[in-house]
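S.K.: Just so it is clear, I am handing over run_5.txt, which has compact mmCIF, C-alpha atoms.
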```
# COMPACT_ATOMS: atom_id res chain seq x y z
CA MET A 11 139.70 240.09 262.54
CA ILE A 12 141.64 238.23 259.87
CA THR A 13 144.25 239.96 257.73
CA PHE A 14 145.15 238.74 254.25
CA LEU A 15 148.23 239.51 252.16
CA SER A 16 147.05 239.80 248.59
CA GLY A 17 147.92 240.35 244.98
CA GLY A 18 145.39 240.64 242.20
CA THR A 19 144.09 237.16 241.35
CA GLY A 20 144.76 234.15 243.59
CA THR A 21 143.97 235.73 246.95
CA PRO A 22 140.83 237.55 245.73
CA LYS A 23 139.43 234.14 244.75
CA LEU A 24 139.88 233.07 248.36
CA LEU A 25 138.37 236.34 249.57
CA ARG A 26 135.32 235.58 247.42
CA GLY A 27 134.62 232.67 249.77
CA MET A 28 135.65 234.45 252.96
CA ARG A 29 133.24 237.34 252.46
CA GLU A 30 130.36 234.85 252.59
CA LEU A 31 131.50 233.53 255.96
CA LEU A 32 132.66 236.65 257.77
CA ASP A 33 131.37 240.13 258.37
CA GLU A 34 133.41 242.11 255.86
CA ARG A 35 134.29 244.59 258.59
CA GLU A 36 136.26 241.75 260.20
CA ILE A 37 138.46 241.40 257.10
CA ALA A 38 141.60 243.45 256.40
CA VAL A 39 143.58 243.03 253.21
CA VAL A 40 147.15 244.27 252.79
CA VAL A 41 147.64 244.68 249.07
CA ASN A 42 150.68 244.75 246.81
CA THR A 43 151.28 248.12 245.14
CA ALA A 44 154.52 247.34 243.29
CA GLU A 45 152.55 246.95 240.04
CA ASP A 46 151.10 250.48 240.25
CA MET A 47 151.76 252.94 237.46
CA TRP A 48 150.57 256.21 235.96
CA LEU A 49 148.81 255.84 232.61
CA SER A 50 147.42 258.77 230.58
CA GLY A 51 147.74 260.98 233.64
CA ASN A 52 145.77 258.64 235.89
CA HIS A 53 146.92 256.33 238.68
CA LEU A 54 146.47 252.59 238.23
CA SER A 55 146.68 250.37 241.29
CA PRO A 56 145.49 247.09 239.78
CA ASP A 57 145.75 244.82 242.81
CA ILE A 58 144.06 247.33 245.11
CA ASP A 59 141.28 247.81 242.59
CA THR A 60 140.62 244.08 242.21
CA VAL A 61 140.22 243.69 245.96
CA MET A 62 138.21 246.89 246.29
CA TYR A 63 135.87 245.97 243.43
CA LEU A 64 135.36 242.49 244.90
CA PHE A 65 134.11 243.90 248.20
CA ALA A 66 132.06 246.51 246.36
CA GLY A 67 130.32 243.70 244.47
CA ILE A 68 131.29 245.05 241.04
CA LEU A 69 134.38 243.00 240.14
CA ASP A 70 134.43 241.24 236.78
CA THR A 71 135.10 237.74 238.13
CA GLY A 72 135.36 236.37 234.61
CA LYS A 73 138.67 238.22 234.16
CA TRP A 74 139.44 238.95 237.84
CA TRP A 75 140.20 242.57 237.03
CA GLY A 76 138.13 245.59 236.09
CA ILE A 77 134.47 246.37 236.64
CA ARG A 78 131.74 244.02 235.48
CA ASP A 79 129.98 245.10 232.25
CA ASP A 80 132.30 248.08 231.82
CA THR A 81 132.59 249.82 228.45
CA TYR A 82 135.75 250.95 226.62
CA ILE A 83 134.61 254.04 224.73
CA THR A 84 137.35 256.30 226.12
CA HIS A 85 140.11 253.71 225.63
CA ASP A 86 139.09 253.13 222.01
CA LEU A 87 138.98 256.85 221.24
CA VAL A 88 142.33 257.45 222.95
CA ALA A 89 143.81 254.76 220.68
CA ARG A 90 142.30 256.44 217.59
CA LEU A 91 143.93 259.69 218.72
CA GLY A 92 147.32 257.99 218.64
CA ILE A 93 147.91 257.28 222.35
CA ASP A 94 149.25 253.79 223.03
CA GLU A 95 147.56 252.54 226.20
CA PHE A 96 148.77 248.95 226.30
CA ILE A 97 146.39 248.28 229.18
CA ALA A 98 142.70 248.27 228.22
CA VAL A 99 141.05 250.44 230.85
CA GLY A 100 137.27 250.44 231.09
CA ASP A 101 135.34 253.71 231.41
CA GLN A 102 134.16 253.14 235.00
CA ASP A 103 137.56 251.73 235.95
CA ARG A 104 139.19 254.84 234.48
CA ALA A 105 136.98 257.05 236.63
CA VAL A 106 138.46 255.39 239.72
CA HIS A 107 141.98 255.93 238.37
CA VAL A 108 141.19 259.60 237.68
CA ALA A 109 139.84 260.10 241.20
CA ARG A 110 142.82 258.40 242.83
CA GLY A 111 145.25 260.39 240.70
CA GLU A 112 143.62 263.65 241.75
CA MET A 113 143.69 262.64 245.41
CA LEU A 114 147.40 261.81 245.21
CA ARG A 115 148.17 265.07 243.41
CA ARG A 116 146.40 266.92 246.22
CA GLY A 117 148.80 265.34 248.69
CA MET A 118 146.72 262.49 250.07
CA ARG A 119 148.50 259.30 251.08
CA LEU A 120 147.64 256.25 248.99
CA THR A 121 146.17 254.73 252.16
CA GLU A 122 143.84 257.70 252.57
CA ALA A 123 142.86 257.68 248.91
CA THR A 124 142.07 253.97 249.08
CA LYS A 125 139.92 254.47 252.17
CA ALA A 126 138.00 257.26 250.42
CA LEU A 127 137.43 255.14 247.31
CA CYS A 128 136.26 252.17 249.39
CA ARG A 129 133.82 254.42 251.21
CA SER A 130 132.44 255.80 247.92
CA LEU A 131 132.07 252.30 246.45
CA ALA A 132 130.54 250.85 249.66
CA ALA A 133 133.34 248.33 250.14
CA ARG A 134 133.24 247.59 253.88
CA ALA A 135 136.41 245.53 254.31
CA THR A 136 139.62 247.34 255.25
CA VAL A 137 141.77 247.56 252.12
CA LEU A 138 145.32 248.72 252.83
CA PRO A 139 148.15 249.52 250.43
CA MET A 140 151.34 247.85 251.66
CA THR A 141 153.11 251.24 251.75
CA ASP A 142 152.41 254.87 250.86
CA SER A 143 155.68 255.32 248.97
CA PRO A 144 156.07 254.31 245.30
CA VAL A 145 157.64 250.89 244.69
CA THR A 146 157.90 249.30 241.27
CA THR A 147 158.65 245.76 240.12
CA TYR A 148 160.75 245.46 236.98
CA VAL A 149 161.83 242.34 235.12
CA CYS A 150 165.25 242.06 233.51
CA THR A 151 165.30 241.22 229.80
CA GLN A 152 168.02 241.15 227.14
CA LYS A 153 166.95 244.70 226.19
CA GLY A 154 166.99 246.01 229.73
CA GLU A 155 164.51 246.39 232.56
CA ILE A 156 160.80 246.73 231.80
CA HIS A 157 157.86 247.43 234.12
CA PHE A 158 156.04 244.29 235.23
CA GLN A 159 152.81 245.54 233.62
CA GLU A 160 154.58 245.89 230.29
CA TYR A 161 155.99 242.38 230.63
CA TRP A 162 152.72 240.74 231.61
CA VAL A 163 150.08 242.82 229.81
CA LYS A 164 151.80 244.27 226.74
CA HIS A 165 154.02 241.26 226.02
CA ARG A 166 151.73 238.67 227.67
CA GLY A 167 154.70 237.25 229.53
CA ASP A 168 156.27 236.09 226.25
CA VAL A 169 159.66 237.67 226.91
CA PRO A 170 162.66 235.77 228.31
CA ILE A 171 163.62 237.18 231.70
CA ASP A 172 166.62 236.56 233.91
CA GLY A 173 165.92 238.72 236.93
CA VAL A 174 163.33 240.55 238.99
CA VAL A 175 164.13 243.82 240.76
CA ARG A 176 162.24 246.29 242.90
CA ARG A 177 162.90 250.00 242.44
CA SER A 178 162.04 252.78 244.87
CA SER A 179 163.48 256.17 245.77
CA GLU A 180 163.76 255.04 249.38
CA PRO A 181 163.40 251.67 251.13
CA PRO A 182 159.67 250.95 251.47
CA VAL A 183 158.16 251.01 254.92
CA ALA A 184 154.85 249.44 255.85
CA THR A 185 152.25 251.95 256.97
CA ASP A 186 151.15 252.15 260.59
CA GLU A 187 147.74 250.94 259.41
CA VAL A 188 149.28 247.77 257.95
CA ILE A 189 151.22 246.93 261.10
CA ARG A 190 148.20 247.60 263.32
CA ALA A 191 146.01 245.36 261.14
CA ILE A 192 148.50 242.49 261.38
CA GLU A 193 148.96 242.89 265.12
CA ALA A 194 145.20 243.10 265.81
CA SER A 195 144.37 239.98 263.81
CA ASP A 196 143.40 236.55 265.02
CA ALA A 197 145.55 235.24 262.17
CA VAL A 198 147.20 236.34 258.93
CA VAL A 199 146.55 234.48 255.69
CA ILE A 200 148.98 234.72 252.79
CA GLY A 201 146.81 233.88 249.83
CA PRO A 202 147.82 231.96 246.68
CA SER A 203 149.04 235.06 244.88
CA ASN A 204 152.30 235.33 242.93
CA PRO A 205 155.09 234.90 245.52
CA VAL A 206 157.52 237.13 243.61
CA THR A 207 155.47 240.07 242.35
CA SER A 208 152.49 240.05 244.72
CA ILE A 209 153.60 238.79 248.15
CA SER A 210 157.35 239.48 248.29
CA PRO A 211 156.90 243.25 247.77
CA ILE A 212 154.71 243.29 250.89
CA LEU A 213 157.24 241.26 252.86
CA GLU A 214 160.00 243.64 251.77
CA CYS A 215 158.29 246.59 253.45
CA ALA A 216 160.05 247.36 256.73
CA GLY A 217 158.09 246.10 259.72
CA VAL A 218 156.02 243.41 258.01
CA LYS A 219 158.15 240.32 258.67
CA GLU A 220 158.68 241.33 262.29
CA ALA A 221 154.93 241.69 262.79
CA LEU A 222 154.26 238.35 261.08
CA ARG A 223 156.67 236.54 263.40
CA ARG A 224 154.40 237.51 266.29
CA GLN A 225 151.27 236.17 264.59
CA CYS A 226 149.65 232.90 263.55
CA VAL A 227 150.38 232.82 259.81
CA ILE A 228 148.77 230.50 257.26
CA ALA A 229 150.10 230.49 253.69
CA VAL A 230 148.56 228.93 250.60
CA SER A 231 150.78 227.82 247.71
CA PRO A 232 149.82 228.99 244.20
CA PHE A 233 151.64 226.03 242.62
CA ILE A 234 150.61 222.55 241.54
CA GLY A 235 153.84 220.87 240.55
CA ASP A 236 156.02 223.35 238.66
CA ALA A 237 153.07 225.28 237.24
CA PRO A 238 151.12 228.09 238.89
CA VAL A 239 147.34 227.94 238.86
CA SER A 240 147.41 231.18 236.86
CA GLY A 241 149.80 233.89 235.77
CA PRO A 242 153.57 234.01 235.19
CA ALA A 243 154.71 232.85 238.63
CA ALA A 244 156.91 230.00 237.34
CA ALA A 245 159.12 232.18 235.12
CA LEU A 246 159.26 234.86 237.79
CA MET A 247 160.24 232.41 240.52
CA ARG A 248 163.13 231.10 238.42
CA ALA A 249 164.22 234.66 237.60
CA PHE A 250 164.03 235.41 241.33
CA GLY A 251 166.41 232.54 242.05
CA LYS A 252 163.79 230.23 243.55
CA GLU A 253 162.41 226.85 242.57
CA ALA A 254 159.08 227.20 240.75
CA SER A 255 157.08 225.02 243.12
CA SER A 256 155.38 224.87 246.49
CA ALA A 257 158.79 224.12 248.03
CA GLY A 258 160.19 227.28 246.47
CA THR A 259 157.19 229.24 247.74
CA LEU A 260 157.67 227.99 251.29
CA SER A 261 161.33 229.03 251.17
CA LEU A 262 160.12 232.64 250.89
CA TYR A 263 157.78 232.33 253.87
CA GLU A 264 159.31 229.73 256.18
CA GLU A 265 160.77 232.16 258.73
CA PHE A 266 157.29 233.19 259.91
CA VAL A 267 154.70 230.71 258.55
CA ASP A 268 152.90 228.36 260.96
CA VAL A 269 150.73 226.39 258.53
CA PHE A 270 151.61 225.87 254.87
CA ILE A 271 148.85 224.64 252.54
CA GLN A 272 149.44 222.98 249.20
CA ASP A 273 147.01 221.43 246.76
CA ILE A 274 145.91 217.81 247.03
CA ARG A 275 147.12 217.25 243.44
CA ASP A 276 150.58 218.75 243.97
CA PRO A 277 153.28 216.11 243.25
CA VAL A 278 155.93 218.14 245.09
CA ALA A 279 156.41 216.85 248.62
CA VAL A 280 156.69 219.57 251.27
CA GLU A 281 157.32 218.21 254.74
CA GLY A 282 154.66 219.24 257.24
CA ALA A 283 152.39 220.85 254.64
CA LEU A 284 148.62 220.50 254.90
CA ARG A 285 146.90 219.16 251.77
CA LEU A 286 143.67 220.86 250.71
CA ASP A 287 141.86 221.47 247.43
CA THR A 288 143.18 224.94 246.52
CA LEU A 289 141.95 225.03 242.91
CA MET A 290 139.23 227.66 243.25
CA VAL A 291 137.57 227.21 239.86
CA ASN A 292 134.19 228.45 241.08
CA ARG A 293 132.42 230.10 244.00
CA GLY A 294 131.79 226.76 245.75
CA LYS A 295 135.48 225.82 245.69
CA SER A 296 136.43 229.25 247.07
CA LEU A 297 133.89 228.79 249.85
CA ASP A 298 135.16 225.29 250.71
CA LEU A 299 138.77 226.44 251.01
CA ALA A 300 137.70 229.45 253.07
CA LYS A 301 135.81 227.19 255.49
CA ASN A 302 138.84 224.93 255.90
CA ILE A 303 141.12 227.88 256.58
CA LEU A 304 138.72 229.34 259.14
CA THR A 305 138.70 225.98 260.94
CA LEU A 306 142.50 226.17 261.11
CA ILE A 307 142.41 229.74 262.40
CA TYR A 308 139.96 228.93 265.18
CA GLY A 309 142.35 226.18 266.31
CA CYS A 310 145.52 228.23 265.82
```
Once more with this new file: its structure as structure tokens, please.

M.R.:
Amino acid sequence: MITFLSGGTGTPKLLRGMRELLDEREIAVVVNTAEDMWLSGNHLSPDIDTVMYLFAGILDTGKWWGIRDDTYITHDLVARLGIDEFIAVGDQDRAVHVARGEMLRRGMRLTEATKALCRSLAARATVLPMTDSPVTTYVCTQKGEIHFQEYWVKHRGDVPIDGVVRRSSEPPVATDEVIRAIEASDAVVIGPSNPVTSISPILECAGVKEALRRQCVIAVSPFIGDAPVSGPAAALMRAFGKEASSAGTLSLYEEFVDVFIQDIRDPVAVEGALRLDTLMVNRGKSLDLAKNILTLIYGC
């Protein structure tokens, strides 16, 4: 089995290739939940849903979120009724949020709810929330802290930020399922997701770093130069006190990483890094990178 640490965009592109090479039952994905929120009474877990929809074969890979060919009838009517949903939620996507919200209200753990949703959607890979307790990423602006979703979706990242903080009622602890998945793996792959808002929340869960130190860990940088392939990673890295580059990314992972991969076009020199084409602009590129990583794992 191979376990992946994932956010909502970069790593799923890699998983797109992996699921063509491996039996999906041999794939486990530990997913960031620090971007979760309740919206209109329903529970959004955007990174979990992206991974879950990918393995269910229904992900909109044009946007890398939501369900392919979804409609927005409910969202549009809610807006007409005066409710400001700054996230456009499709009708089928909303049904998943409704179901998860009801499961959580009935006392189910997020891990259990995710397993039930995967079963209903015929997603065969093991999709695991990083923790069962609520954790939220906020960014610090001149007007105070705002939820990451508000920063990235509502304001499209066009707000100056000078800090990134995680809030939780108690220190987050990785679930037993997460630790068992890491320990049972042939290797762990940290995909090219946002190091600050996607991967670091997972690493901050008690037990994860210790488990990773006992494993073969391969990490893929999301940066080419000082720019991420997608998303707001550069601004977030600087606000997090790290250099916005592959070197800055490695500084977050170096205590447990065995192989660090950066793009062949990256002008930033990282000693000991392996150079591969990490720009997964289509299915073929995802498949090529997946093949190269599997070759590394078999020799790890």

S.K.: Can you tell me which residues surround Leu306 of chain A at a distance of at most 12 Å, considering all atoms listed in the file, apart from same-chain residues fewer than 6 positions away, and format the answer as a list of chain:residue names?

M.R.: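 In the requested form, the answer reads A:Asp196, A:Ala197, A:Val198, A:Val199, A:Cys226, A:Val227, A:Ile228, A:Ala229, A:Asp268, A:Val269, A:Phe270, A:Ile271, A:Leu284, A:Leu286, A:Leu299, A:Ala300.
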
S.K.: Calculated over all atoms listed in the file, which of the candidates A:Met290, A:Gly76, A:Pro182, A:Lys219 has the smallest distance to Pro232 of chain A?

M.R.: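 Closest to Pro232 of chain A of all the choices is A:Met290.
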
S.K.: Residues at most 12 Å from Arg115 of chain A, counting all atoms listed in the file, excluding those fewer than 5 positions away in the same chain, as a ChimeraX atom specification?

M.R.: /A:48,51-53,108-110,120,123

S.K.: Counting all atoms listed in the file, which residues have an atom no more than 7 Å from (151.3, 240.0, 264.0) in the file's coordinates? Please list them as a PyMOL selection string.

M.R.: chain A and resi 192-193+195+221-225

S.K.: Next, write the just-selected residues to a file, as an mmCIF file, keeping the file's coordinate frame, keeping C-alpha atoms as the atom set.

M.R.:
```cif
data_model
loop_
_atom_site.group_PDB
_atom_site.id
_atom_site.type_symbol
_atom_site.label_atom_id
_atom_site.label_comp_id
_atom_site.auth_asym_id
_atom_site.auth_seq_id
_atom_site.Cartn_x
_atom_site.Cartn_y
_atom_site.Cartn_z
ATOM 1 C CA ILE A 192 148.500 242.490 261.380
ATOM 2 C CA GLU A 193 148.960 242.890 265.120
ATOM 3 C CA SER A 195 144.370 239.980 263.810
ATOM 4 C CA ALA A 221 154.930 241.690 262.790
ATOM 5 C CA LEU A 222 154.260 238.350 261.080
ATOM 6 C CA ARG A 223 156.670 236.540 263.400
ATOM 7 C CA ARG A 224 154.400 237.510 266.290
ATOM 8 C CA GLN A 225 151.270 236.170 264.590
#
```

S.K.: Pull the closest atom pair for each residue of segment 161-199 of chain A that gets at most 6 Å from segment 133-157 of chain A, along with the distance in Å to one decimal, counting all atoms listed in the file, ordering rows by chain and then ascending residue number, as CSV.

M.R.:
```
residue,atom,partner,partner_atom,distance
A:Ile171,CA,A:Thr151,CA,4.8
A:Asp172,CA,A:Cys150,CA,5.7
A:Gly173,CA,A:Cys150,CA,4.8
A:Val174,CA,A:Val149,CA,4.5
A:Val175,CA,A:Tyr148,CA,5.3
A:Arg176,CA,A:Thr147,CA,4.6
A:Arg177,CA,A:Thr146,CA,5.2
A:Ser178,CA,A:Val145,CA,4.8
A:Val183,CA,A:Thr141,CA,6.0
A:Ala184,CA,A:Thr141,CA,4.8
A:Thr185,CA,A:Thr141,CA,5.3
```

S.K.: Please, which residues in segment 114-229 of chain A fall within 10 Å of segment 19-25 of chain A when counting all atoms listed in the file, and what is the closest atom pair and distance in Å to one decimal for each, ordered by chain then residue number, as JSON lines?

M.R.:
```
{"residue": "A:Val199", "atom": "CA", "partner": "A:Thr21", "partner_atom": "CA", "distance": 9.2}
{"residue": "A:Ile200", "atom": "CA", "partner": "A:Thr21", "partner_atom": "CA", "distance": 7.8}
{"residue": "A:Gly201", "atom": "CA", "partner": "A:Thr21", "partner_atom": "CA", "distance": 4.4}
{"residue": "A:Pro202", "atom": "CA", "partner": "A:Gly20", "partner_atom": "CA", "distance": 4.9}
{"residue": "A:Ser203", "atom": "CA", "partner": "A:Gly20", "partner_atom": "CA", "distance": 4.6}
{"residue": "A:Asn204", "atom": "CA", "partner": "A:Gly20", "partner_atom": "CA", "distance": 7.7}
{"residue": "A:Ser208", "atom": "CA", "partner": "A:Thr19", "partner_atom": "CA", "distance": 9.5}
```

S.K.: Restrict the selected residues to C-alpha atoms and save them as a tab-separated table (two decimals), in the frame of the given file.

M.R.:
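The file below, again_14.tsv, is the result:
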```
chain	number	residue	atom	x	y	z
A	199	VAL	CA	146.55	234.48	255.69
A	200	ILE	CA	148.98	234.72	252.79
A	201	GLY	CA	146.81	233.88	249.83
A	202	PRO	CA	147.82	231.96	246.68
A	203	SER	CA	149.04	235.06	244.88
A	204	ASN	CA	152.30	235.33	242.93
A	208	SER	CA	152.49	240.05	244.72
```

S.K.: Atom CA of Leu49 of chain A and atom CA of Pro170 of chain A, how far apart in Å?

M.R.: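 Those two atoms sit 24.8 Å apart.
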
S.K.: Could you rebuild segment 56-79 of chain A with N, CA and C atoms and give me the result as a tab-separated table (two decimals), keeping the file's coordinate frame?

M.R.:
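Listed below is the output, result26.tsv:
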```tsv
chain	number	residue	atom	x	y	z
A	56	PRO	N	146.33	248.22	240.21
A	56	PRO	CA	145.49	247.09	239.78
A	56	PRO	C	145.12	246.10	240.88
A	57	ASP	N	146.06	245.80	241.77
A	57	ASP	CA	145.75	244.82	242.81
A	57	ASP	C	144.80	245.41	243.85
A	58	ILE	N	145.01	246.66	244.20
A	58	ILE	CA	144.06	247.33	245.11
A	58	ILE	C	142.67	247.35	244.50
A	59	ASP	N	142.59	247.70	243.22
A	59	ASP	CA	141.28	247.81	242.59
A	59	ASP	C	140.55	246.48	242.53
A	60	THR	N	141.27	245.40	242.24
A	60	THR	CA	140.62	244.08	242.21
A	60	THR	C	140.00	243.76	243.55
A	61	VAL	N	140.74	243.97	244.63
A	61	VAL	CA	140.22	243.69	245.96
A	61	VAL	C	139.07	244.63	246.30
A	62	MET	N	139.24	245.89	246.00
A	62	MET	CA	138.21	246.89	246.29
A	62	MET	C	136.92	246.59	245.52
A	63	TYR	N	137.04	246.27	244.24
A	63	TYR	CA	135.87	245.97	243.43
A	63	TYR	C	135.17	244.69	243.90
A	64	LEU	N	135.96	243.72	244.37
A	64	LEU	CA	135.36	242.49	244.90
A	64	LEU	C	134.43	242.81	246.07
A	65	PHE	N	134.93	243.59	247.03
A	65	PHE	CA	134.11	243.90	248.20
A	65	PHE	C	132.99	244.89	247.89
A	66	ALA	N	133.13	245.62	246.79
A	66	ALA	CA	132.06	246.51	246.36
A	66	ALA	C	131.00	245.77	245.56
A	67	GLY	N	131.28	244.50	245.22
A	67	GLY	CA	130.32	243.70	244.47
A	67	GLY	C	130.26	244.02	242.99
A	68	ILE	N	131.30	244.65	242.45
A	68	ILE	CA	131.29	245.05	241.04
A	68	ILE	C	132.43	244.44	240.24
A	69	LEU	N	133.24	243.58	240.84
A	69	LEU	CA	134.38	243.00	240.14
A	69	LEU	C	133.94	242.09	239.00
A	70	ASP	N	134.64	242.18	237.88
A	70	ASP	CA	134.43	241.24	236.78
A	70	ASP	C	135.17	239.95	237.14
A	71	THR	N	134.47	238.98	237.68
A	71	THR	CA	135.10	237.74	238.13
A	71	THR	C	135.32	236.76	236.98
A	72	GLY	N	134.97	237.16	235.77
A	72	GLY	CA	135.36	236.37	234.61
A	72	GLY	C	136.83	236.60	234.28
A	73	LYS	N	137.28	237.85	234.43
A	73	LYS	CA	138.67	238.22	234.16
A	73	LYS	C	139.49	238.39	235.43
A	74	TRP	N	138.82	238.64	236.56
A	74	TRP	CA	139.44	238.95	237.84
A	74	TRP	C	140.22	240.26	237.78
A	75	TRP	N	139.74	241.19	236.98
A	75	TRP	CA	140.20	242.57	237.03
A	75	TRP	C	139.12	243.42	236.36
A	76	GLY	N	139.09	244.69	236.70
A	76	GLY	CA	138.13	245.59	236.09
A	76	GLY	C	136.72	245.46	236.67
A	77	ILE	N	135.85	246.31	236.16
A	77	ILE	CA	134.47	246.37	236.64
A	77	ILE	C	133.54	245.62	235.69
A	78	ARG	N	132.67	244.84	236.26
A	78	ARG	CA	131.74	244.02	235.48
A	78	ARG	C	130.91	244.90	234.53
A	79	ASP	N	130.78	244.43	233.29
A	79	ASP	CA	129.98	245.10	232.25
A	79	ASP	C	130.47	246.51	231.94
```
